[in-house]
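A.B. asks: Structure below; questions to follow.
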Amino acid sequence: MRNIALAALMTAAPAVSPAQAPSAIEPLVAGAFTPYVSVSPVVLSAPGRGLDLEVRVSAPVTGRHLPIIIFSHGNGWSLDGYGPLVHFWASHGFIVVQPTHLDSRALRLDPDDPRRPLIWRYRVNDMKRILDNLDRLEASVPGLKGRADRTRIAAVGHSYGGHTTALLLGARVIGRDRRIGEDLSDPRIKVGVLITPSGKGGGDLSPFAAEHYPFLDVSFGEMTGRALVVVGDKDQSRLSVRGPDWSTDAYHLSPGADCLATLFGGEHLLGGISGFEVKETTDENPDRVAAVQRISWAYLRTALYPGDPAWAAMSAALKAAAKPQGRIDCK
């Protein structure tokens, strides 16, 4: 049975139409929340996957021509994670679709399952299957049918999900023979956000990562899709022999990533983005989570609606803050 949860957050404030550009981001973030509905699980048939694909769909209860975010979770998570981000995006005008990938702890895949070496590929297929089934997903949410803007679709991913998103934007996995793999990008995706993603492979991978996660050897030179990369300057990954700058490779090495947001003091979960009261967070910081919410939302607003001032306002506000949470660099 699907679970329907209504989240009416600060409904006294006026709803904001996604077709309208706010004059500044702060008034919107401070109070203009829109009630939204969240439905899960929505089950999509997935021949060849071994399991049907389950997703969560969250959408504002009002508004038309709503832009879409398809969100790829980090290793082990599921459609039930990342509440702090999903709640914010959905209450600020986005339809958000979250799949449960095969690596989810909720699915308990056997360590020797033959699908494991190619889970990175199944992840990309999960995201494309979502795009192939937008009619089904719209119909699953009461009152949503006909309200999505399918010309404005963004892909967002955290950690392993950042790797998935990079591939959807054109990055390519390098094989053990050093040949660059096939193009898995999808033209339906107009922009992306990579949150603490993995960097390039080869000699930059730790011995553990090179042995167990060879697909992390990625070429970013073909990643032409527009993207924001969000990192923490204290995110030291055991997957790389480099320091926290490893996560910035998608920005520095790809032609598509045009902006980099670096959060000061941020570790891999950037204050706790993967869930409310999540114990695995090593750098718990509500202000840092709020910064990720605002920065990602503002970037997507302006990327999907050229001329929208949200990104310029966010950048200026961050720079002018007495104690800024981070900095933004753009090419």
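Order determines the names: the first chain of the structure tokens is A, the second B, and so forth; residues in each chain are numbered 1 upward, and ligands are numbered 1 upward as they are shown.
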Show which residues sit within 8 Å of segment 151-164 of chain A, as number ranges by chain. Count only C-alpha atoms, and ignore same-chain residues fewer than 4 positions away.

C.D. replies: A: 67-75, 120, 123-124, 168, 188-198, 216, 268, 300, 304

A.B. asks: As an MDAnalysis selection string, please: every residue in segment 189-301 of chain A that a backbone DSSP assignment puts in strand (DSSP E or B).

C.D. replies: chainID A and resid 191:195 205 218:219 227:232 240 257:263

A.B. asks: Give me, as a VMD selection string, all polymer residues having an atom no more than 9 Å from Gln293 of chain A, counting only C-alpha atoms and skipping those fewer than 6 positions away in the same chain.

C.D. replies: chain A and resid 84 to 86 88 to 89 273

A.B. asks: Any idea what the distance is between atom CA of Arg301 of chain A and atom CA of Met314 of chain A?

C.D. replies: 11.0 Å

A.B. asks: Which distance in Å separates atom CA of Thr248 of chain A and atom CA of Arg179 of chain A, to one decimal?

C.D. replies: 23.1 Å

A.B. asks: What residues in segment 246-317 of chain A get the DSSP label helix (DSSP H, G or I)? Please answer as a PyMOL selection string.

C.D. replies: chain A and resi 246-253+286-304+310-317

A.B. asks: Excluding segment 48-65 of chain A and any residue of its chain fewer than 6 positions from it, enumerate the residues within 9 Å of it, using only C-alpha atoms, and give them as a ChimeraX atom specification.

C.D. replies: /A:15-19,34-42,78-80,86-87,89-102,115,122,126,129-130,137-138,140-144,146-150,152

A.B. asks: May I ask which of the residues A:Gly271, A:Ala303, A:Thr282, A:Val231 is the closest one to Ile328 of chain A, counting only C-alpha atoms?

C.D. replies: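 Closest to Ile328 of chain A of all the choices is A:Val231.
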
A.B. asks: Considering only C-alpha atoms, tabulate each residue of segment 259-303 of chain A that lies at most 10 Å from segment 241-245 of chain A along with its nearest interatomic pair and the corresponding distance in Å to one decimal; arrange the rows by chain and ascending residue number and present them as JSON lines.

C.D. replies:
{"residue": "A:Thr262", "atom": "CA", "partner": "A:Asp245", "partner_atom": "CA", "distance": 9.8}
{"residue": "A:Gly266", "atom": "CA", "partner": "A:Pro244", "partner_atom": "CA", "distance": 9.9}
{"residue": "A:Glu267", "atom": "CA", "partner": "A:Pro244", "partner_atom": "CA", "distance": 8.7}
{"residue": "A:His268", "atom": "CA", "partner": "A:Pro244", "partner_atom": "CA", "distance": 9.4}

A.B. asks: Just checking: using only C-alpha atoms, which residue out of A:Glu182, A:Asp258, A:Asp177, A:Asp204 ends up closest to Leu239 of chain A?

C.D. replies: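 For Leu239 of chain A, the nearest of the given residues is A:Asp204.
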
A.B. asks: Using only C-alpha atoms for the distances, tell me which of A:Val230, A:Leu107, A:Met223, A:Leu270 is nearest to Asp287 of chain A.

C.D. replies: A:Leu270

A.B. asks: Between atom CA of Pro255 of chain A and atom CA of Gly221 of chain A, what distance in Å does the model show, to one decimal?

C.D. replies: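 Distance reported for this atom pair: 6.6 Å.
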